[in-house]
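What follows is query_12.txt (compact mmCIF, N, CA and C atoms).
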```
# COMPACT_ATOMS: atom_id res chain seq x y z
N MET M 1 60.14 63.30 315.02
CA MET M 1 59.06 63.39 315.98
C MET M 1 57.69 63.30 315.33
N GLY M 2 57.56 62.57 314.26
CA GLY M 2 56.25 62.36 313.65
C GLY M 2 55.67 63.59 312.99
N GLY M 3 56.52 64.50 312.53
CA GLY M 3 56.03 65.71 311.90
C GLY M 3 55.54 66.76 312.87
N ASN M 4 55.78 66.57 314.16
CA ASN M 4 55.33 67.54 315.17
C ASN M 4 56.25 68.75 315.20
N LYS M 5 55.68 69.89 315.54
CA LYS M 5 56.45 71.11 315.71
C LYS M 5 56.18 71.64 317.11
N ILE M 6 57.26 71.89 317.84
CA ILE M 6 57.13 72.38 319.21
C ILE M 6 57.87 73.70 319.30
N GLY M 7 57.15 74.76 319.70
CA GLY M 7 57.73 76.09 319.79
C GLY M 7 58.71 76.22 320.94
N ALA M 8 59.43 77.34 320.95
CA ALA M 8 60.41 77.62 322.00
C ALA M 8 59.72 77.84 323.34
N GLU M 9 60.45 77.60 324.42
CA GLU M 9 60.00 77.87 325.78
C GLU M 9 58.76 77.08 326.17
N ARG M 10 58.61 75.88 325.64
CA ARG M 10 57.51 75.01 326.04
C ARG M 10 57.96 74.25 327.27
N SER M 11 57.10 74.10 328.25
CA SER M 11 57.47 73.32 329.43
C SER M 11 56.45 72.21 329.64
N SER M 12 56.95 71.09 330.10
CA SER M 12 56.09 69.95 330.40
C SER M 12 56.69 69.24 331.59
N ARG M 13 55.84 68.83 332.53
CA ARG M 13 56.33 68.07 333.66
C ARG M 13 55.40 66.91 333.92
N GLY M 14 55.83 65.97 334.68
CA GLY M 14 55.01 64.80 334.94
C GLY M 14 55.27 63.73 333.91
N ARG M 15 54.34 62.82 333.75
CA ARG M 15 54.49 61.69 332.83
C ARG M 15 54.48 62.17 331.39
N ALA M 16 55.03 61.35 330.54
CA ALA M 16 55.09 61.69 329.11
C ALA M 16 53.69 61.86 328.56
N ASP M 17 53.50 62.89 327.80
CA ASP M 17 52.22 63.19 327.17
C ASP M 17 52.21 62.54 325.79
N ALA M 18 51.07 62.09 325.33
CA ALA M 18 50.95 61.53 323.99
C ALA M 18 50.62 62.68 323.03
N LEU M 19 51.50 62.93 322.07
CA LEU M 19 51.32 64.00 321.10
C LEU M 19 51.19 63.35 319.73
N GLY M 20 50.00 63.51 319.12
CA GLY M 20 49.72 62.86 317.84
C GLY M 20 50.53 63.40 316.69
N ARG M 21 50.59 62.62 315.64
CA ARG M 21 51.35 62.94 314.43
C ARG M 21 50.88 64.27 313.83
N ASN M 22 51.85 65.07 313.37
CA ASN M 22 51.61 66.35 312.69
C ASN M 22 50.92 67.38 313.58
N SER M 23 51.03 67.25 314.89
CA SER M 23 50.48 68.25 315.82
C SER M 23 51.56 69.25 316.17
N LEU M 24 51.13 70.44 316.59
CA LEU M 24 52.12 71.45 316.95
C LEU M 24 51.71 72.20 318.20
N LEU M 25 52.72 72.61 318.96
CA LEU M 25 52.56 73.43 320.15
C LEU M 25 53.27 74.75 319.89
N GLY M 26 52.58 75.87 320.08
CA GLY M 26 53.19 77.17 319.90
C GLY M 26 54.14 77.51 321.04
N GLU M 27 54.79 78.65 320.90
CA GLU M 27 55.72 79.12 321.91
C GLU M 27 55.02 79.35 323.24
N TYR M 28 55.75 79.15 324.33
CA TYR M 28 55.32 79.44 325.70
C TYR M 28 54.12 78.62 326.16
N CYS M 29 53.94 77.43 325.59
CA CYS M 29 52.89 76.52 326.06
C CYS M 29 53.38 75.81 327.32
N THR M 30 52.44 75.49 328.20
CA THR M 30 52.74 74.72 329.40
C THR M 30 51.81 73.52 329.45
N ILE M 31 52.38 72.35 329.65
CA ILE M 31 51.59 71.14 329.85
C ILE M 31 51.93 70.64 331.25
N GLY M 32 50.97 70.76 332.16
CA GLY M 32 51.15 70.29 333.53
C GLY M 32 50.48 68.94 333.67
N CYS M 33 51.27 67.87 333.69
CA CYS M 33 50.72 66.52 333.62
C CYS M 33 51.15 65.70 334.82
N ASN M 34 50.19 65.34 335.67
CA ASN M 34 50.43 64.42 336.77
C ASN M 34 49.69 63.10 336.55
N ASP M 35 48.71 63.07 335.64
CA ASP M 35 47.94 61.86 335.34
C ASP M 35 48.19 61.50 333.88
N ARG M 36 47.42 62.10 332.96
CA ARG M 36 47.58 61.81 331.54
C ARG M 36 46.98 62.92 330.69
N ILE M 37 47.71 63.29 329.65
CA ILE M 37 47.23 64.24 328.66
C ILE M 37 47.52 63.65 327.29
N ASP M 38 46.46 63.42 326.50
CA ASP M 38 46.60 62.88 325.15
C ASP M 38 46.18 63.95 324.15
N ILE M 39 47.04 64.20 323.18
CA ILE M 39 46.77 65.19 322.14
C ILE M 39 46.76 64.45 320.81
N GLY M 40 45.65 64.58 320.06
CA GLY M 40 45.44 63.82 318.82
C GLY M 40 46.33 64.26 317.66
N ARG M 41 46.01 63.75 316.48
CA ARG M 41 46.74 64.06 315.25
C ARG M 41 46.26 65.39 314.67
N ASP M 42 47.17 66.07 313.99
CA ASP M 42 46.87 67.31 313.25
C ASP M 42 46.26 68.38 314.14
N VAL M 43 46.68 68.45 315.40
CA VAL M 43 46.18 69.44 316.35
C VAL M 43 47.07 70.68 316.30
N MET M 44 46.43 71.86 316.27
CA MET M 44 47.16 73.14 316.30
C MET M 44 46.90 73.78 317.66
N ILE M 45 47.96 73.97 318.43
CA ILE M 45 47.84 74.61 319.74
C ILE M 45 48.63 75.91 319.68
N SER M 46 47.94 77.02 319.88
CA SER M 46 48.51 78.35 319.76
C SER M 46 49.56 78.62 320.83
N GLN M 47 50.12 79.81 320.78
CA GLN M 47 51.09 80.24 321.78
C GLN M 47 50.42 80.41 323.13
N ALA M 48 51.21 80.21 324.19
CA ALA M 48 50.80 80.51 325.57
C ALA M 48 49.56 79.75 326.03
N VAL M 49 49.38 78.53 325.55
CA VAL M 49 48.27 77.70 326.01
C VAL M 49 48.75 76.89 327.22
N SER M 50 47.90 76.81 328.22
CA SER M 50 48.18 76.00 329.40
C SER M 50 47.19 74.84 329.44
N ILE M 51 47.72 73.62 329.46
CA ILE M 51 46.90 72.42 329.54
C ILE M 51 47.30 71.70 330.81
N ARG M 52 46.33 71.49 331.70
CA ARG M 52 46.63 70.91 333.01
C ARG M 52 45.63 69.83 333.36
N ASP M 53 46.13 68.75 333.96
CA ASP M 53 45.26 67.67 334.39
C ASP M 53 45.13 67.62 335.91
N THR M 54 45.49 68.68 336.59
CA THR M 54 45.58 68.67 338.05
C THR M 54 45.04 69.95 338.66
N ASP M 55 44.40 69.83 339.81
CA ASP M 55 44.01 70.96 340.66
C ASP M 55 44.52 70.68 342.07
N HIS M 56 44.71 71.74 342.83
CA HIS M 56 45.05 71.59 344.24
C HIS M 56 43.78 71.41 345.05
N THR M 57 43.84 70.57 346.05
CA THR M 57 42.73 70.39 346.97
C THR M 57 42.74 71.56 347.95
N HIS M 58 41.54 72.06 348.32
CA HIS M 58 41.49 73.25 349.17
C HIS M 58 40.29 73.27 350.11
N ALA M 59 39.71 72.11 350.39
CA ALA M 59 38.48 72.05 351.18
C ALA M 59 38.67 72.45 352.65
N ARG M 60 39.82 72.15 353.20
CA ARG M 60 40.04 72.40 354.63
C ARG M 60 40.67 73.76 354.84
N THR M 61 40.25 74.45 355.89
CA THR M 61 40.84 75.75 356.22
C THR M 61 41.86 75.67 357.35
N ASP M 62 41.95 74.52 358.01
CA ASP M 62 42.90 74.36 359.11
C ASP M 62 44.27 73.86 358.64
N ILE M 63 44.40 73.58 357.34
CA ILE M 63 45.65 73.12 356.75
C ILE M 63 45.95 74.00 355.54
N ALA M 64 47.21 74.36 355.38
CA ALA M 64 47.61 75.16 354.21
C ALA M 64 47.23 74.41 352.93
N MET M 65 46.76 75.14 351.92
CA MET M 65 46.33 74.53 350.67
C MET M 65 47.43 73.68 350.04
N LYS M 66 48.66 74.15 350.10
CA LYS M 66 49.74 73.39 349.47
C LYS M 66 50.01 72.06 350.16
N GLU M 67 49.49 71.86 351.37
CA GLU M 67 49.66 70.61 352.11
C GLU M 67 48.49 69.65 351.92
N GLN M 68 47.44 70.06 351.20
CA GLN M 68 46.22 69.25 351.08
C GLN M 68 46.22 68.30 349.89
N GLY M 69 47.24 68.32 349.11
CA GLY M 69 47.32 67.39 347.98
C GLY M 69 46.67 67.92 346.72
N ILE M 70 46.50 67.01 345.77
CA ILE M 70 45.97 67.37 344.46
C ILE M 70 44.89 66.38 344.04
N THR M 71 44.09 66.80 343.04
CA THR M 71 43.18 65.90 342.34
C THR M 71 43.57 65.94 340.87
N THR M 72 43.46 64.80 340.20
CA THR M 72 43.83 64.74 338.79
C THR M 72 42.73 64.07 337.98
N ALA M 73 42.67 64.39 336.72
CA ALA M 73 41.78 63.73 335.76
C ALA M 73 42.39 63.92 334.38
N ALA M 74 42.39 62.88 333.58
CA ALA M 74 43.02 62.92 332.26
C ALA M 74 42.37 63.97 331.36
N VAL M 75 43.17 64.54 330.47
CA VAL M 75 42.71 65.46 329.43
C VAL M 75 42.92 64.77 328.09
N THR M 76 41.88 64.78 327.24
CA THR M 76 41.97 64.18 325.90
C THR M 76 41.57 65.22 324.88
N ILE M 77 42.45 65.45 323.91
CA ILE M 77 42.18 66.39 322.83
C ILE M 77 42.15 65.57 321.54
N GLY M 78 41.00 65.58 320.86
CA GLY M 78 40.81 64.76 319.66
C GLY M 78 41.65 65.22 318.48
N ASP M 79 41.52 64.53 317.36
CA ASP M 79 42.22 64.86 316.12
C ASP M 79 41.66 66.15 315.51
N ASP M 80 42.52 66.86 314.77
CA ASP M 80 42.11 68.02 313.97
C ASP M 80 41.43 69.09 314.81
N VAL M 81 42.02 69.38 315.97
CA VAL M 81 41.49 70.42 316.88
C VAL M 81 42.40 71.64 316.79
N TRP M 82 41.79 72.82 316.88
CA TRP M 82 42.54 74.08 316.88
C TRP M 82 42.25 74.77 318.21
N ILE M 83 43.31 75.05 318.97
CA ILE M 83 43.17 75.68 320.28
C ILE M 83 43.89 77.03 320.25
N GLY M 84 43.12 78.11 320.47
CA GLY M 84 43.70 79.45 320.59
C GLY M 84 44.29 79.64 321.97
N GLN M 85 44.88 80.79 322.21
CA GLN M 85 45.55 81.05 323.49
C GLN M 85 44.64 80.92 324.69
N ARG M 86 45.12 80.27 325.73
CA ARG M 86 44.62 80.19 327.10
C ARG M 86 44.61 78.80 327.66
N THR M 87 43.53 78.32 328.29
CA THR M 87 43.63 77.22 329.23
C THR M 87 42.63 76.08 329.01
N ILE M 88 43.12 74.85 329.18
CA ILE M 88 42.32 73.63 329.19
C ILE M 88 42.55 73.00 330.56
N LEU M 89 41.48 72.73 331.31
CA LEU M 89 41.63 72.22 332.68
C LEU M 89 41.29 70.75 332.80
N LYS M 90 41.59 70.18 333.94
CA LYS M 90 41.55 68.73 334.19
C LYS M 90 40.21 68.09 333.83
N GLY M 91 40.29 66.83 333.40
CA GLY M 91 39.11 66.02 333.14
C GLY M 91 38.37 66.33 331.87
N VAL M 92 38.95 67.10 330.96
CA VAL M 92 38.25 67.57 329.77
C VAL M 92 38.59 66.71 328.56
N THR M 93 37.57 66.43 327.74
CA THR M 93 37.77 65.81 326.43
C THR M 93 37.27 66.79 325.38
N ILE M 94 38.12 67.05 324.39
CA ILE M 94 37.75 67.95 323.30
C ILE M 94 37.59 67.10 322.05
N GLY M 95 36.38 67.11 321.47
CA GLY M 95 36.06 66.26 320.33
C GLY M 95 36.76 66.66 319.05
N ARG M 96 36.82 65.72 318.13
CA ARG M 96 37.45 65.90 316.83
C ARG M 96 36.88 67.13 316.11
N GLY M 97 37.77 67.90 315.52
CA GLY M 97 37.37 69.02 314.69
C GLY M 97 36.88 70.24 315.45
N ALA M 98 36.97 70.24 316.78
CA ALA M 98 36.52 71.39 317.57
C ALA M 98 37.51 72.55 317.43
N ILE M 99 37.00 73.75 317.71
CA ILE M 99 37.84 74.95 317.75
C ILE M 99 37.64 75.60 319.11
N ILE M 100 38.74 75.90 319.79
CA ILE M 100 38.70 76.60 321.08
C ILE M 100 39.24 78.00 320.84
N ALA M 101 38.39 79.01 321.02
CA ALA M 101 38.75 80.40 320.74
C ALA M 101 39.82 80.91 321.70
N ALA M 102 40.60 81.87 321.25
CA ALA M 102 41.60 82.51 322.10
C ALA M 102 40.91 83.10 323.33
N GLY M 103 41.51 82.93 324.48
CA GLY M 103 40.98 83.47 325.72
C GLY M 103 40.00 82.57 326.45
N ALA M 104 39.57 81.47 325.81
CA ALA M 104 38.61 80.56 326.44
C ALA M 104 39.27 79.77 327.56
N VAL M 105 38.49 79.48 328.59
CA VAL M 105 38.91 78.58 329.65
C VAL M 105 37.95 77.40 329.61
N VAL M 106 38.45 76.24 329.17
CA VAL M 106 37.61 75.07 328.96
C VAL M 106 37.64 74.21 330.22
N ILE M 107 36.45 74.06 330.83
CA ILE M 107 36.34 73.30 332.08
C ILE M 107 35.41 72.10 331.93
N ARG M 108 34.80 71.92 330.76
CA ARG M 108 33.88 70.81 330.51
C ARG M 108 34.17 70.21 329.14
N ASP M 109 33.70 68.99 328.91
CA ASP M 109 33.88 68.34 327.62
C ASP M 109 33.27 69.17 326.49
N VAL M 110 33.90 69.07 325.32
CA VAL M 110 33.44 69.79 324.13
C VAL M 110 33.17 68.76 323.04
N ASP M 111 32.00 68.82 322.42
CA ASP M 111 31.64 67.89 321.36
C ASP M 111 32.44 68.15 320.09
N ALA M 112 32.48 67.14 319.23
CA ALA M 112 33.11 67.26 317.93
C ALA M 112 32.49 68.42 317.16
N PHE M 113 33.33 69.17 316.48
CA PHE M 113 32.95 70.26 315.59
C PHE M 113 32.33 71.47 316.28
N ALA M 114 32.32 71.51 317.61
CA ALA M 114 31.83 72.69 318.33
C ALA M 114 32.90 73.78 318.30
N ILE M 115 32.47 75.03 318.32
CA ILE M 115 33.37 76.18 318.46
C ILE M 115 33.06 76.78 319.82
N VAL M 116 34.08 76.82 320.69
CA VAL M 116 33.89 77.22 322.08
C VAL M 116 34.69 78.48 322.37
N GLY M 117 34.06 79.43 323.09
CA GLY M 117 34.74 80.64 323.52
C GLY M 117 34.24 81.07 324.88
N GLY M 118 34.95 81.99 325.52
CA GLY M 118 34.49 82.58 326.76
C GLY M 118 35.08 81.96 328.01
N VAL M 119 34.72 82.58 329.15
CA VAL M 119 35.15 82.14 330.47
C VAL M 119 33.92 82.04 331.35
N PRO M 120 33.50 80.87 331.77
CA PRO M 120 34.04 79.60 331.30
C PRO M 120 33.61 79.34 329.86
N GLY M 121 34.29 78.40 329.21
CA GLY M 121 34.01 78.11 327.80
C GLY M 121 32.58 77.66 327.57
N ARG M 122 31.99 78.15 326.46
CA ARG M 122 30.65 77.73 326.07
C ARG M 122 30.60 77.69 324.54
N VAL M 123 29.67 76.92 324.00
CA VAL M 123 29.57 76.80 322.55
C VAL M 123 29.06 78.12 321.97
N VAL M 124 29.81 78.65 321.02
CA VAL M 124 29.41 79.88 320.34
C VAL M 124 29.10 79.64 318.87
N GLY M 125 29.35 78.42 318.40
CA GLY M 125 29.06 78.08 317.01
C GLY M 125 29.45 76.65 316.74
N THR M 126 29.26 76.24 315.49
CA THR M 126 29.63 74.90 315.07
C THR M 126 30.28 74.98 313.70
N ARG M 127 31.10 73.98 313.39
CA ARG M 127 31.73 73.89 312.08
C ARG M 127 30.80 73.16 311.12
N THR M 128 31.07 73.30 309.83
CA THR M 128 30.27 72.60 308.83
C THR M 128 31.06 71.45 308.22
N VAL M 129 30.34 70.43 307.84
CA VAL M 129 30.94 69.27 307.18
C VAL M 129 30.16 69.03 305.91
N ALA M 130 30.84 68.97 304.79
CA ALA M 130 30.20 68.72 303.49
C ALA M 130 29.00 69.63 303.25
N GLY M 131 29.16 70.92 303.63
CA GLY M 131 28.12 71.89 303.36
C GLY M 131 26.98 71.90 304.35
N GLU M 132 26.99 71.02 305.35
CA GLU M 132 25.91 70.99 306.34
C GLU M 132 26.45 71.39 307.70
N THR M 133 25.74 72.23 308.41
CA THR M 133 26.16 72.64 309.74
C THR M 133 25.96 71.51 310.72
N GLN M 134 26.97 71.23 311.52
CA GLN M 134 26.90 70.19 312.54
C GLN M 134 26.36 70.81 313.82
N THR M 135 25.04 70.87 313.95
CA THR M 135 24.45 71.48 315.13
C THR M 135 23.96 70.44 316.12
N GLU M 136 23.50 69.31 315.63
CA GLU M 136 22.99 68.28 316.51
C GLU M 136 24.13 67.74 317.38
N GLY M 137 23.97 67.83 318.66
CA GLY M 137 24.95 67.31 319.59
C GLY M 137 26.10 68.25 319.87
N ALA M 138 26.19 69.37 319.20
CA ALA M 138 27.29 70.31 319.47
C ALA M 138 26.98 71.06 320.75
N LYS M 139 27.67 70.67 321.80
CA LYS M 139 27.41 71.29 323.09
C LYS M 139 28.65 71.16 323.95
N ILE M 140 28.62 71.85 325.03
CA ILE M 140 29.64 71.67 326.05
C ILE M 140 28.91 71.05 327.23
N ALA M 141 29.51 70.10 327.87
CA ALA M 141 28.84 69.39 328.97
C ALA M 141 28.41 70.37 330.04
N THR M 142 27.33 70.06 330.71
CA THR M 142 26.81 70.95 331.74
C THR M 142 27.09 70.47 333.15
N ASN M 143 27.70 69.31 333.30
CA ASN M 143 28.01 68.84 334.66
C ASN M 143 29.47 68.84 334.93
```

As structure tokens, what does this structure read like?
Amino acid sequence: MGGNKIGAERSSRGRADALGRNSLLGEYCTIGCNDRIDIGRDVMISQAVSIRDTDHTHARTDIAMKEQGITTAAVTIGDDVWIGQRTILKGVTIGRGAIIAAGAVVIRDVDAFAIVGGVPGRVVGTRTVAGETQTEGAKIATN
């Protein structure tokens, strides 16, 4: 499997997800895929992470939510990303070298080398490259 390691009790449904070489999924991860989820190379995904590309539609009150359908948007996780326990939601791209702290709920794109934590996820720091802090452009999208 390309050097990938997948922990016990992992569940995935929907279309096949792209899992990059040397990436790993910890125990009790869930990948809910109705559109597309791409996971880059050398990605570390902790235990009990939920990655989903789908939400239920709920705008109408005269119809049960489960009858209103779904909306989907692809999730892309770049190379060399570390994701701690919790959730990545639809339409998100996580840039190369980013770190997602345990407990974070990521609802917006994350730039390369950003460190994101909290609910909802926000940039709490940046990684360094060759001794220089990567601060320029390290943000989480605001829309």

>> So the first atom is CA of Asp79 (chain M) and the second is CA of Arg127 (chain M); what is the distance between them in Å, to one decimal place?
In response: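 Calculated distance between CA of Asp79 (chain M) and CA of Arg127 (chain M) is 14.4 Å.
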
> Mind checking DSSP for region 2-135 of chain M and telling me the strand (DSSP E) residues as a PyMOL selection string?
Replying inline: chain M and resi 5-6+11-13+18-19+24-25+30-32+37-39+44-45+50-52+54-56+70-72+75-77+82-83+87-88+93-94+99-100+105-106+114-117+122-126+128-129+132-133

> Near region 96-109 of chain M, counting all atoms listed in the file, which residues have an atom at most 5 Å away, once you skip same-chain residues fewer than 2 positions from it, shown as JSON, numbers by chain?
Replying inline: {"M": [78, 79, 80, 81, 82, 83, 84, 85, 86, 87, 88, 89, 92, 93, 94, 111, 112, 113, 114, 115, 116, 117, 118, 119, 120, 121, 140, 141]}

>> Calculated over only N, CA and C atoms, which of the candidates M:Glu27, M:Asp55, M:Gly125, M:Gly20 has the smallest distance to Ile39 (chain M)?
In response: M:Gly20

> Quick one: of M:Thr71, M:Thr54, M:Thr76, M:Asn22, who's nearest to Asp42 (chain M), counting only N, CA and C atoms?
Replying inline: M:Asn22

> So how far away is atom C of Arg122 (chain M) from CA of Asp53 (chain M), in Å?
Replying inline: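 So the answer is 20.3 Å.
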
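Take the candidates M:Ile70, M:Val110, M:Ile51, M:Ala59 and check each one against Ile31 (chain M) using only C-alpha atoms; the shortest distance goes to M:Ile51.
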
> So what do you get for CA of Ala74 (chain M) versus CA of Thr61 (chain M), distance-wise?
Replying inline: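 That distance, rounded to one decimal, is 27.3 Å.
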
Sel. within 6.5 Å of pt (48.7, 69.7, 315.9), counting all atoms listed in the file, output as a PDB file with N, CA and C atoms, keeping the file's coordinate frame:
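Written output follows (selection.pdb):
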```
ATOM      1  N   ARG M  21      50.590  62.620 315.640  1.00  0.00           N
ATOM      2  CA  ARG M  21      51.350  62.940 314.430  1.00  0.00           C
ATOM      3  C   ARG M  21      50.880  64.270 313.830  1.00  0.00           C
ATOM      4  N   ASN M  22      51.850  65.070 313.370  1.00  0.00           N
ATOM      5  CA  ASN M  22      51.610  66.350 312.690  1.00  0.00           C
ATOM      6  C   ASN M  22      50.920  67.380 313.580  1.00  0.00           C
ATOM      7  N   SER M  23      51.030  67.250 314.890  1.00  0.00           N
ATOM      8  CA  SER M  23      50.480  68.250 315.820  1.00  0.00           C
ATOM      9  C   SER M  23      51.560  69.250 316.170  1.00  0.00           C
ATOM     10  N   LEU M  24      51.130  70.440 316.590  1.00  0.00           N
ATOM     11  CA  LEU M  24      52.120  71.450 316.950  1.00  0.00           C
ATOM     12  C   LEU M  24      51.710  72.200 318.200  1.00  0.00           C
ATOM     13  N   LEU M  25      52.720  72.610 318.960  1.00  0.00           N
ATOM     14  CA  LEU M  25      52.560  73.430 320.150  1.00  0.00           C
ATOM     15  C   LEU M  25      53.270  74.750 319.890  1.00  0.00           C
ATOM     16  N   GLY M  40      45.650  64.580 320.060  1.00  0.00           N
ATOM     17  CA  GLY M  40      45.440  63.820 318.820  1.00  0.00           C
ATOM     18  C   GLY M  40      46.330  64.260 317.660  1.00  0.00           C
ATOM     19  N   ARG M  41      46.010  63.750 316.480  1.00  0.00           N
ATOM     20  CA  ARG M  41      46.740  64.060 315.250  1.00  0.00           C
ATOM     21  C   ARG M  41      46.260  65.390 314.670  1.00  0.00           C
ATOM     22  N   ASP M  42      47.170  66.070 313.990  1.00  0.00           N
ATOM     23  CA  ASP M  42      46.870  67.310 313.250  1.00  0.00           C
ATOM     24  C   ASP M  42      46.260  68.380 314.140  1.00  0.00           C
ATOM     25  N   VAL M  43      46.680  68.450 315.400  1.00  0.00           N
ATOM     26  CA  VAL M  43      46.180  69.440 316.350  1.00  0.00           C
ATOM     27  C   VAL M  43      47.070  70.680 316.300  1.00  0.00           C
ATOM     28  N   MET M  44      46.430  71.860 316.270  1.00  0.00           N
ATOM     29  CA  MET M  44      47.160  73.140 316.300  1.00  0.00           C
ATOM     30  C   MET M  44      46.900  73.780 317.660  1.00  0.00           C
ATOM     31  N   ILE M  45      47.960  73.970 318.430  1.00  0.00           N
ATOM     32  CA  ILE M  45      47.840  74.610 319.740  1.00  0.00           C
ATOM     33  C   ILE M  45      48.630  75.910 319.680  1.00  0.00           C
TER      34      ILE M  45
END
```

> Of the candidates M:Ser46, M:Thr72, M:Ile63, M:Asp38, which shows the shortest atom-to-atom distance to Gly26 (chain M), using only N, CA and C atoms?
Replying inline: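 Nearest to Gly26 (chain M): M:Ser46.
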